[in-house]
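Let me begin by presenting the structure, written as structure tokens, before commenting on it.
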Amino acid sequence: MKALPWISPSAVDAMLYNEPMAGSPDFGFSLMRPRAKGHKNTTADLARAKLQPSKPGDAAWGPDGLWPITCATSRLVTAAGVALEPDALETVFEGYDARVKAHQKLLAVVLTMSFDHGWQASDILSMAGAYALEHLALERRLTSLTVVHMPADELSARRPHAHCVVLARAHRASGWGELHRDLTGKDAPTIFQAEWQAFRDAWAPRFKLF
């Protein structure tokens with residue numbers, strides 16, 4: 001397959017609106033709307049960009065059409081009752097974009113959780129993935145993609161972090177439903193920040209890094 005254009009981290013930032021209410025250095029809450037700065041957004045572009053913090057080589061694009069992945073690690077967590085398929089990443093995000101409504105005001109939310117430098121990618125994914133399963137997939141019936149970035153791998157001093165790309169519509173075995181009210185309320189940033197902090201604090205005894 002011909003390589004798709006690479007989307008740089010700075011271009012990803014232009015897709016999102018960062019909510020100032022979630023102003024903690026350890027947590028960020030960003031909105032993805034259908035259009036930003038005159039550009040049409042798609043969740044497939046966002047997901048692929050988060051999975052590719054560094055540009056994959058052309059040879060990485062195989063004939064199967066699946067996205068090459070250059071991030072440290074990742075996990076797709078679908079809402080309860082939604083089956084996974086072998087090409088689930090592409091199917092979920094491209095299928096979601098195909099069903100976006102003209103009057104839909106929110107496509108997705110990105111939760112960003114930062115960690116100290118001593119954390120390993122596998123432990124970050126364990127914690128963030130467990131949060132996504134418990135609070136997003138099971139409690140809210142939301143499908144999300146958790147992506148772990150380790151900036152030190154690219155000689156950066158930035159802290160390791162996870163991005164959780166949360167599709168804004170409820171997800172059921174029958175298909176996509178309504179926009180979830182927990183994501184659209186004015187207090188959403190502070191609610192999710194408090195929820196993540198409580199979850200992280202509960203997990204703290206399992207790790208020796210706090």
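By order in the structure tokens, chains are A, B, ...; within a chain, residues start at 1; ligands start at 1, following the order shown.
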| Backbone DSSP call of alpha helix (DSSP H) for region 3-162 of chain A, listed as a PyMOL selection string | chain A and resi 9-15+43-51+88-98+121-131
| task | Write down as an NGL selection string the residues of region 23-189 of chain A whose backbone DSSP state falls under strand (DSSP E). | result | :A and (27-32 or 35-36 or 39-40 or 73-77 or 108-114 or 144-149 or 161-167 or 169-172 or 175-179)
Find the residues near Ala98 (chain A): any atom within 12 Å, counting only C-alpha atoms, skip ones fewer than 2 places away on the same chain, and give them as a PDB file with all heavy atoms, in the first residue's frame.
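out07.pdb, freshly written:
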ATOM      1  N   THR A  42     -10.688  14.340  11.027  1.00  0.00           N
ATOM      2  CA  THR A  42     -11.216  12.981  11.106  1.00  0.00           C
ATOM      3  C   THR A  42     -10.537  12.270  12.266  1.00  0.00           C
ATOM      4  O   THR A  42      -9.363  12.520  12.561  1.00  0.00           O
ATOM      5  CB  THR A  42     -10.969  12.171   9.815  1.00  0.00           C
ATOM      6  OG1 THR A  42      -9.567  11.887   9.677  1.00  0.00           O
ATOM      7  CG2 THR A  42     -11.475  12.908   8.588  1.00  0.00           C
ATOM      8  N   THR A  43     -11.280  11.391  12.912  1.00  0.00           N
ATOM      9  CA  THR A  43     -10.692  10.649  14.029  1.00  0.00           C
ATOM     10  C   THR A  43      -9.663   9.633  13.539  1.00  0.00           C
ATOM     11  O   THR A  43      -8.740   9.288  14.271  1.00  0.00           O
ATOM     12  CB  THR A  43     -11.769   9.936  14.863  1.00  0.00           C
ATOM     13  OG1 THR A  43     -12.405   8.923  14.079  1.00  0.00           O
ATOM     14  CG2 THR A  43     -12.805  10.930  15.378  1.00  0.00           C
ATOM     15  N   ALA A  44      -9.801   9.167  12.296  1.00  0.00           N
ATOM     16  CA  ALA A  44      -8.801   8.243  11.751  1.00  0.00           C
ATOM     17  C   ALA A  44      -7.446   8.932  11.642  1.00  0.00           C
ATOM     18  O   ALA A  44      -6.406   8.344  11.964  1.00  0.00           O
ATOM     19  CB  ALA A  44      -9.245   7.703  10.396  1.00  0.00           C
ATOM     20  N   GLU A  90      -8.337   0.333  12.152  1.00  0.00           N
ATOM     21  CA  GLU A  90      -8.789   1.011  10.949  1.00  0.00           C
ATOM     22  C   GLU A  90     -10.316   0.920  10.815  1.00  0.00           C
ATOM     23  O   GLU A  90     -10.973   1.900  10.458  1.00  0.00           O
ATOM     24  CB  GLU A  90      -8.118   0.392   9.719  1.00  0.00           C
ATOM     25  CG  GLU A  90      -6.613   0.604   9.653  1.00  0.00           C
ATOM     26  CD  GLU A  90      -5.822  -0.326  10.578  1.00  0.00           C
ATOM     27  OE1 GLU A  90      -6.417  -1.258  11.171  1.00  0.00           O
ATOM     28  OE2 GLU A  90      -4.609  -0.100  10.718  1.00  0.00           O
ATOM     29  N   THR A  91     -10.878  -0.250  11.119  1.00  0.00           N
ATOM     30  CA  THR A  91     -12.318  -0.445  10.996  1.00  0.00           C
ATOM     31  C   THR A  91     -13.087   0.468  11.932  1.00  0.00           C
ATOM     32  O   THR A  91     -14.072   1.105  11.544  1.00  0.00           O
ATOM     33  CB  THR A  91     -12.680  -1.908  11.296  1.00  0.00           C
ATOM     34  OG1 THR A  91     -12.046  -2.762  10.343  1.00  0.00           O
ATOM     35  CG2 THR A  91     -14.184  -2.125  11.236  1.00  0.00           C
ATOM     36  N   VAL A  92     -12.637   0.579  13.172  1.00  0.00           N
ATOM     37  CA  VAL A  92     -13.343   1.389  14.157  1.00  0.00           C
ATOM     38  C   VAL A  92     -13.301   2.864  13.788  1.00  0.00           C
ATOM     39  O   VAL A  92     -14.340   3.541  13.710  1.00  0.00           O
ATOM     40  CB  VAL A  92     -12.757   1.169  15.564  1.00  0.00           C
ATOM     41  CG1 VAL A  92     -13.254   2.239  16.530  1.00  0.00           C
ATOM     42  CG2 VAL A  92     -13.131  -0.208  16.077  1.00  0.00           C
ATOM     43  N   PHE A  93     -12.115   3.402  13.531  1.00  0.00           N
ATOM     44  CA  PHE A  93     -12.007   4.842  13.314  1.00  0.00           C
ATOM     45  C   PHE A  93     -12.536   5.273  11.954  1.00  0.00           C
ATOM     46  O   PHE A  93     -13.232   6.292  11.839  1.00  0.00           O
ATOM     47  CB  PHE A  93     -10.557   5.295  13.522  1.00  0.00           C
ATOM     48  CG  PHE A  93     -10.173   5.316  14.977  1.00  0.00           C
ATOM     49  CD1 PHE A  93      -9.536   4.222  15.559  1.00  0.00           C
ATOM     50  CD2 PHE A  93     -10.467   6.403  15.769  1.00  0.00           C
ATOM     51  CE1 PHE A  93      -9.198   4.230  16.904  1.00  0.00           C
ATOM     52  CE2 PHE A  93     -10.142   6.424  17.111  1.00  0.00           C
ATOM     53  CZ  PHE A  93      -9.507   5.328  17.686  1.00  0.00           C
ATOM     54  N   GLU A  94     -12.235   4.530  10.913  1.00  0.00           N
ATOM     55  CA  GLU A  94     -12.756   4.899   9.596  1.00  0.00           C
ATOM     56  C   GLU A  94     -14.267   4.698   9.537  1.00  0.00           C
ATOM     57  O   GLU A  94     -14.987   5.486   8.915  1.00  0.00           O
ATOM     58  CB  GLU A  94     -12.043   4.095   8.514  1.00  0.00           C
ATOM     59  CG  GLU A  94     -10.566   4.494   8.359  1.00  0.00           C
ATOM     60  CD  GLU A  94      -9.784   3.588   7.429  1.00  0.00           C
ATOM     61  OE1 GLU A  94     -10.360   2.581   6.945  1.00  0.00           O
ATOM     62  OE2 GLU A  94      -8.609   3.872   7.165  1.00  0.00           O
ATOM     63  N   GLY A  95     -14.759   3.650  10.214  1.00  0.00           N
ATOM     64  CA  GLY A  95     -16.205   3.427  10.266  1.00  0.00           C
ATOM     65  C   GLY A  95     -16.924   4.520  11.035  1.00  0.00           C
ATOM     66  O   GLY A  95     -18.017   4.953  10.654  1.00  0.00           O
ATOM     67  N   TYR A  96     -16.302   4.985  12.117  1.00  0.00           N
ATOM     68  CA  TYR A  96     -16.873   6.078  12.900  1.00  0.00           C
ATOM     69  C   TYR A  96     -16.955   7.347  12.057  1.00  0.00           C
ATOM     70  O   TYR A  96     -17.991   8.021  12.019  1.00  0.00           O
ATOM     71  CB  TYR A  96     -16.004   6.298  14.131  1.00  0.00           C
ATOM     72  CG  TYR A  96     -16.456   7.400  15.064  1.00  0.00           C
ATOM     73  CD1 TYR A  96     -17.366   7.146  16.093  1.00  0.00           C
ATOM     74  CD2 TYR A  96     -15.947   8.693  14.944  1.00  0.00           C
ATOM     75  CE1 TYR A  96     -17.762   8.150  16.970  1.00  0.00           C
ATOM     76  CE2 TYR A  96     -16.332   9.698  15.816  1.00  0.00           C
ATOM     77  CZ  TYR A  96     -17.243   9.430  16.830  1.00  0.00           C
ATOM     78  OH  TYR A  96     -17.629  10.436  17.683  1.00  0.00           O
ATOM     79  N   VAL A 100     -20.271  10.109  10.863  1.00  0.00           N
ATOM     80  CA  VAL A 100     -20.378  11.426  11.497  1.00  0.00           C
ATOM     81  C   VAL A 100     -21.529  12.195  10.857  1.00  0.00           C
ATOM     82  O   VAL A 100     -21.693  12.201   9.636  1.00  0.00           O
ATOM     83  CB  VAL A 100     -19.054  12.210  11.347  1.00  0.00           C
ATOM     84  CG1 VAL A 100     -19.239  13.670  11.736  1.00  0.00           C
ATOM     85  CG2 VAL A 100     -17.979  11.568  12.220  1.00  0.00           C
ATOM     86  N   LYS A 101     -22.335  12.854  11.689  1.00  0.00           N
ATOM     87  CA  LYS A 101     -23.486  13.609  11.215  1.00  0.00           C
ATOM     88  C   LYS A 101     -23.114  15.071  10.940  1.00  0.00           C
ATOM     89  O   LYS A 101     -22.221  15.626  11.580  1.00  0.00           O
ATOM     90  CB  LYS A 101     -24.611  13.553  12.258  1.00  0.00           C
ATOM     91  CG  LYS A 101     -25.088  12.139  12.563  1.00  0.00           C
ATOM     92  CD  LYS A 101     -25.623  11.463  11.315  1.00  0.00           C
ATOM     93  CE  LYS A 101     -26.120  10.060  11.608  1.00  0.00           C
ATOM     94  NZ  LYS A 101     -26.603   9.376  10.389  1.00  0.00           N
ATOM     95  N   ALA A 102     -23.825  15.683  10.017  1.00  0.00           N
ATOM     96  CA  ALA A 102     -23.527  17.067   9.647  1.00  0.00           C
ATOM     97  C   ALA A 102     -23.671  18.007  10.839  1.00  0.00           C
ATOM     98  O   ALA A 102     -22.961  19.014  10.930  1.00  0.00           O
ATOM     99  CB  ALA A 102     -24.446  17.500   8.513  1.00  0.00           C
ATOM    100  N   LEU A 107     -16.300  15.264  17.841  1.00  0.00           N
ATOM    101  CA  LEU A 107     -15.901  13.961  17.298  1.00  0.00           C
ATOM    102  C   LEU A 107     -15.279  13.074  18.366  1.00  0.00           C
ATOM    103  O   LEU A 107     -15.566  11.879  18.441  1.00  0.00           O
ATOM    104  CB  LEU A 107     -14.895  14.147  16.156  1.00  0.00           C
ATOM    105  CG  LEU A 107     -15.362  14.931  14.928  1.00  0.00           C
ATOM    106  CD1 LEU A 107     -14.248  14.957  13.889  1.00  0.00           C
ATOM    107  CD2 LEU A 107     -16.629  14.324  14.350  1.00  0.00           C
ATOM    108  N   TRP A 176     -23.152   2.987  16.389  1.00  0.00           N
ATOM    109  CA  TRP A 176     -22.851   4.222  17.119  1.00  0.00           C
ATOM    110  C   TRP A 176     -24.128   4.908  17.549  1.00  0.00           C
ATOM    111  O   TRP A 176     -25.086   4.997  16.780  1.00  0.00           O
ATOM    112  CB  TRP A 176     -22.022   5.162  16.244  1.00  0.00           C
ATOM    113  CG  TRP A 176     -20.712   4.573  15.858  1.00  0.00           C
ATOM    114  CD1 TRP A 176     -20.367   4.034  14.648  1.00  0.00           C
ATOM    115  CD2 TRP A 176     -19.562   4.419  16.698  1.00  0.00           C
ATOM    116  NE1 TRP A 176     -19.087   3.558  14.685  1.00  0.00           N
ATOM    117  CE2 TRP A 176     -18.565   3.793  15.933  1.00  0.00           C
ATOM    118  CE3 TRP A 176     -19.287   4.764  18.021  1.00  0.00           C
ATOM    119  CZ2 TRP A 176     -17.305   3.493  16.442  1.00  0.00           C
ATOM    120  CZ3 TRP A 176     -18.041   4.475  18.546  1.00  0.00           C
ATOM    121  CH2 TRP A 176     -17.054   3.842  17.754  1.00  0.00           C
TER     122      TRP A 176
END
Do you have, as a Markdown table, the list of residues of region 92-208 of chain A lying at most 10 Å from region 75-82 of chain A, each with its nearest atom pair and that distance in Å to one decimal, counting only C-alpha atoms and ordered by chain then number?
| residue | atom | partner | partner_atom | distance |
| --- | --- | --- | --- | --- |
| A:Val92 | CA | A:Thr78 | CA | 9.0 |
| A:Leu125 | CA | A:Arg75 | CA | 7.6 |
| A:Ser126 | CA | A:Arg75 | CA | 9.6 |
| A:Ala128 | CA | A:Arg75 | CA | 9.6 |
| A:Gly129 | CA | A:Arg75 | CA | 7.0 |
| A:Ala130 | CA | A:Val77 | CA | 9.4 |
| A:Ala132 | CA | A:Val77 | CA | 6.8 |
| A:Leu133 | CA | A:Val77 | CA | 6.3 |
| A:Glu134 | CA | A:Ala79 | CA | 10.0 |
| A:Leu136 | CA | A:Ala79 | CA | 7.4 |
| A:Ala137 | CA | A:Ala79 | CA | 4.1 |
| A:Leu138 | CA | A:Ala80 | CA | 5.7 |
| A:Glu139 | CA | A:Ala80 | CA | 8.9 |
| A:Arg140 | CA | A:Ala79 | CA | 8.0 |
| A:Arg141 | CA | A:Ala79 | CA | 4.6 |
| A:Leu142 | CA | A:Ala79 | CA | 5.1 |
| A:Thr143 | CA | A:Thr78 | CA | 4.3 |
| A:Ser144 | CA | A:Val77 | CA | 5.4 |
| A:Leu145 | CA | A:Leu76 | CA | 4.4 |
| A:Thr146 | CA | A:Arg75 | CA | 5.2 |
| A:Val147 | CA | A:Arg75 | CA | 6.7 |
| A:Val148 | CA | A:Arg75 | CA | 9.0 |
| A:Cys164 | CA | A:Arg75 | CA | 9.5 |
| A:Val165 | CA | A:Leu76 | CA | 9.4 |
| A:Val166 | CA | A:Val77 | CA | 9.7 |
| A:Ala170 | CA | A:Ala79 | CA | 8.1 |
| A:His171 | CA | A:Ala79 | CA | 5.9 |
| A:Arg172 | CA | A:Val82 | CA | 6.0 |
| A:Ala173 | CA | A:Val82 | CA | 4.8 |
| A:Ser174 | CA | A:Val82 | CA | 8.4 |
| A:Gly175 | CA | A:Val82 | CA | 8.6 |
| field | Contacts of Arg158 (chain A) within 12 Å, only C-alpha atoms, excl. fewer than 3 positions in-chain, as a ChimeraX atom specification | value | /A:25,114-117,149-155,161
Output of the above residues as a compact mmCIF listing (two decimals), in the first residue's frame, restricted to C-alpha atoms:
# COMPACT_ATOMS: atom_id res chain seq x y z
CA PRO A 25 0.87 19.27 34.51
CA SER A 114 1.77 12.30 32.18
CA PHE A 115 4.14 10.17 34.25
CA ASP A 116 7.55 10.54 35.83
CA HIS A 117 10.67 9.46 33.94
CA HIS A 149 4.68 7.93 24.03
CA MET A 150 8.21 7.78 25.43
CA PRO A 151 9.82 11.06 24.27
CA ALA A 152 13.20 10.04 25.66
CA ASP A 153 13.40 7.48 22.85
CA GLU A 154 13.76 10.47 20.51
CA LEU A 155 16.27 12.26 22.80
CA HIS A 161 2.75 10.07 28.77
| Residue nearest Arg159 (chain A) - candidates A:Ala60, A:Met113, A:Ile69, A:Ala198, atoms counted: only C-alpha atoms | A:Met113
If you count only C-alpha atoms, which residues fall within 12 Å of Pro34 (chain A), apart from same-chain ones fewer than 4 positions away, as a CSV table (one decimal) with all heavy atoms, in the first residue's frame?
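Written file, selection-v7.csv:
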chain,number,residue,atom,x,y,z
A,15,MET,N,-5.3,20.1,15.5
A,15,MET,CA,-6.6,19.5,15.3
A,15,MET,C,-7.5,19.7,16.6
A,15,MET,O,-8.7,19.5,16.6
A,15,MET,CB,-6.5,18.0,15.1
A,15,MET,CG,-5.8,17.6,13.9
A,15,MET,SD,-5.7,15.7,13.8
A,15,MET,CE,-4.8,15.5,12.3
A,16,LEU,N,-6.8,20.0,17.7
A,16,LEU,CA,-7.5,19.9,19.0
A,16,LEU,C,-7.6,21.3,19.7
A,16,LEU,O,-6.8,22.2,19.5
A,16,LEU,CB,-6.6,19.0,19.9
A,16,LEU,CG,-6.4,17.6,19.4
A,16,LEU,CD1,-5.4,16.8,20.3
A,16,LEU,CD2,-7.7,16.8,19.3
A,17,TYR,N,-8.6,21.3,20.6
A,17,TYR,CA,-8.7,22.5,21.5
A,17,TYR,C,-8.4,22.0,22.9
A,17,TYR,O,-9.1,21.1,23.4
A,17,TYR,CB,-10.1,23.1,21.4
A,17,TYR,CG,-10.4,24.1,22.5
A,17,TYR,CD1,-9.8,25.4,22.4
A,17,TYR,CD2,-11.2,23.8,23.5
A,17,TYR,CE1,-10.1,26.3,23.4
A,17,TYR,CE2,-11.4,24.8,24.5
A,17,TYR,CZ,-10.9,26.0,24.4
A,17,TYR,OH,-11.1,27.0,25.4
A,38,GLY,N,-10.1,26.0,9.8
A,38,GLY,CA,-10.4,25.8,8.4
A,38,GLY,C,-10.1,24.4,7.8
A,38,GLY,O,-10.3,24.2,6.6
A,39,HIS,N,-9.7,23.5,8.7
A,39,HIS,CA,-9.3,22.1,8.2
A,39,HIS,C,-10.4,21.1,8.7
A,39,HIS,O,-10.8,21.2,9.9
A,39,HIS,CB,-8.0,21.8,8.7
A,39,HIS,CG,-7.5,20.4,8.4
A,39,HIS,ND1,-7.2,20.0,7.2
A,39,HIS,CD2,-7.5,19.3,9.2
A,39,HIS,CE1,-6.9,18.7,7.2
A,39,HIS,NE2,-7.0,18.2,8.4
A,40,LYS,N,-10.8,20.2,7.9
A,40,LYS,CA,-11.7,19.2,8.3
A,40,LYS,C,-11.0,18.1,9.0
A,40,LYS,O,-10.0,17.5,8.6
A,40,LYS,CB,-12.4,18.6,7.1
A,40,LYS,CG,-13.4,17.5,7.4
A,40,LYS,CD,-14.1,16.9,6.2
A,40,LYS,CE,-15.1,15.8,6.6
A,40,LYS,NZ,-15.8,15.3,5.4
A,41,ASN,N,-11.4,17.8,10.2
A,41,ASN,CA,-10.8,16.7,11.0
A,41,ASN,C,-11.5,15.4,10.9
A,41,ASN,O,-12.7,15.3,10.6
A,41,ASN,CB,-10.9,17.1,12.5
A,41,ASN,CG,-10.0,18.3,12.9
A,41,ASN,OD1,-8.9,18.4,12.4
A,41,ASN,ND2,-10.4,19.1,13.8
A,42,THR,N,-10.7,14.3,11.0
A,42,THR,CA,-11.2,13.0,11.1
A,42,THR,C,-10.5,12.3,12.3
A,42,THR,O,-9.4,12.5,12.6
A,42,THR,CB,-11.0,12.2,9.8
A,42,THR,OG1,-9.6,11.9,9.7
A,42,THR,CG2,-11.5,12.9,8.6
A,43,THR,N,-11.3,11.4,12.9
A,43,THR,CA,-10.7,10.6,14.0
A,43,THR,C,-9.7,9.6,13.5
A,43,THR,O,-8.7,9.3,14.3
A,43,THR,CB,-11.8,9.9,14.9
A,43,THR,OG1,-12.4,8.9,14.1
A,43,THR,CG2,-12.8,10.9,15.4
A,45,ASP,N,-7.4,10.2,11.2
A,45,ASP,CA,-6.2,10.9,11.1
A,45,ASP,C,-5.6,11.1,12.5
A,45,ASP,O,-4.4,11.0,12.7
A,45,ASP,CB,-6.4,12.3,10.5
A,45,ASP,CG,-6.5,12.2,9.0
A,45,ASP,OD1,-6.1,11.2,8.4
A,45,ASP,OD2,-6.9,13.3,8.4
A,46,LEU,N,-6.5,11.5,13.5
A,46,LEU,CA,-6.0,11.7,14.9
A,46,LEU,C,-5.4,10.4,15.4
A,46,LEU,O,-4.3,10.4,16.0
A,46,LEU,CB,-7.1,12.1,15.7
A,46,LEU,CG,-6.8,12.3,17.2
A,46,LEU,CD1,-5.8,13.4,17.5
A,46,LEU,CD2,-8.1,12.6,18.0
A,97,ASP,N,-15.9,7.7,11.4
A,97,ASP,CA,-15.8,8.9,10.5
A,97,ASP,C,-16.9,8.8,9.5
A,97,ASP,O,-17.5,9.9,9.1
A,97,ASP,CB,-14.5,9.1,9.9
A,97,ASP,CG,-13.4,9.5,10.9
A,97,ASP,OD1,-13.7,10.1,11.9
A,97,ASP,OD2,-12.2,9.1,10.7
A,100,VAL,N,-20.3,10.1,10.9
A,100,VAL,CA,-20.4,11.4,11.5
A,100,VAL,C,-21.5,12.2,10.9
A,100,VAL,O,-21.7,12.2,9.6
A,100,VAL,CB,-19.1,12.2,11.3
A,100,VAL,CG1,-19.2,13.7,11.7
A,100,VAL,CG2,-18.0,11.6,12.2
A,101,LYS,N,-22.3,12.9,11.7
A,101,LYS,CA,-23.5,13.6,11.2
A,101,LYS,C,-23.1,15.1,10.9
A,101,LYS,O,-22.2,15.6,11.6
A,101,LYS,CB,-24.6,13.6,12.3
A,101,LYS,CG,-25.1,12.1,12.6
A,101,LYS,CD,-25.6,11.5,11.3
A,101,LYS,CE,-26.1,10.1,11.6
A,101,LYS,NZ,-26.6,9.4,10.4
A,102,ALA,N,-23.8,15.7,10.0
A,102,ALA,CA,-23.5,17.1,9.6
A,102,ALA,C,-23.7,18.0,10.8
A,102,ALA,O,-23.0,19.0,10.9
A,102,ALA,CB,-24.4,17.5,8.5
A,103,HIS,N,-24.6,17.7,11.8
A,103,HIS,CA,-24.8,18.6,12.9
A,103,HIS,C,-24.0,18.1,14.1
A,103,HIS,O,-24.2,18.7,15.2
A,103,HIS,CB,-26.3,18.6,13.3
A,103,HIS,CG,-26.9,17.2,13.6
A,103,HIS,ND1,-27.2,16.3,12.6
A,103,HIS,CD2,-27.1,16.6,14.8
A,103,HIS,CE1,-27.7,15.2,13.2
A,103,HIS,NE2,-27.6,15.4,14.5
A,104,GLN,N,-23.1,17.2,14.0
A,104,GLN,CA,-22.4,16.7,15.1
A,104,GLN,C,-21.3,17.7,15.5
A,104,GLN,O,-20.4,18.1,14.7
A,104,GLN,CB,-21.7,15.3,14.8
A,104,GLN,CG,-21.1,14.6,16.0
A,104,GLN,CD,-20.6,13.2,15.6
A,104,GLN,OE1,-21.2,12.6,14.7
A,104,GLN,NE2,-19.6,12.7,16.3
A,105,LYS,N,-21.3,18.1,16.8
A,105,LYS,CA,-20.3,19.2,17.2
A,105,LYS,C,-19.1,18.7,17.8
A,105,LYS,O,-18.1,19.4,18.0
A,105,LYS,CB,-21.1,20.1,18.2
A,105,LYS,CG,-22.2,20.8,17.6
A,105,LYS,CD,-22.9,21.8,18.6
A,105,LYS,CE,-24.1,22.5,18.0
A,105,LYS,NZ,-24.7,23.4,19.0
A,106,LEU,N,-19.0,17.4,18.2
A,106,LEU,CA,-17.8,16.8,18.9
A,106,LEU,C,-17.6,15.5,18.3
A,106,LEU,O,-18.4,14.6,18.2
A,106,LEU,CB,-18.1,16.7,20.4
A,106,LEU,CG,-16.9,16.2,21.2
A,106,LEU,CD1,-15.7,17.1,21.2
A,106,LEU,CD2,-17.4,15.9,22.6
A,107,LEU,N,-16.3,15.3,17.8
A,107,LEU,CA,-15.9,14.0,17.3
A,107,LEU,C,-15.3,13.1,18.4
A,107,LEU,O,-15.6,11.9,18.4
A,107,LEU,CB,-14.9,14.1,16.2
A,107,LEU,CG,-15.4,14.9,14.9
A,107,LEU,CD1,-14.2,15.0,13.9
A,107,LEU,CD2,-16.6,14.3,14.3
A,108,ALA,N,-14.4,13.7,19.2
A,108,ALA,CA,-13.6,12.9,20.1
A,108,ALA,C,-13.1,13.8,21.2
A,108,ALA,O,-13.0,15.0,21.1
A,108,ALA,CB,-12.5,12.1,19.4
A,109,VAL,N,-12.6,13.1,22.3
A,109,VAL,CA,-11.9,13.8,23.3
A,109,VAL,C,-10.6,13.1,23.5
A,109,VAL,O,-10.5,11.8,23.4
A,109,VAL,CB,-12.7,13.8,24.6
A,109,VAL,CG1,-11.9,14.1,25.9
A,109,VAL,CG2,-13.9,14.8,24.5
A,168,ALA,N,-16.6,10.1,20.8
A,168,ALA,CA,-17.5,10.8,21.6
A,168,ALA,C,-18.9,10.2,21.6
A,168,ALA,O,-19.8,10.6,22.5
A,168,ALA,CB,-17.6,12.3,21.1
| Counting only C-alpha atoms, what is within 12 Å of Pro56 (chain A), bar same-chain residues fewer than 4 positions away, as a ChimeraX atom specification? | /A:3-8,48-49,51-52,60-62,67-71
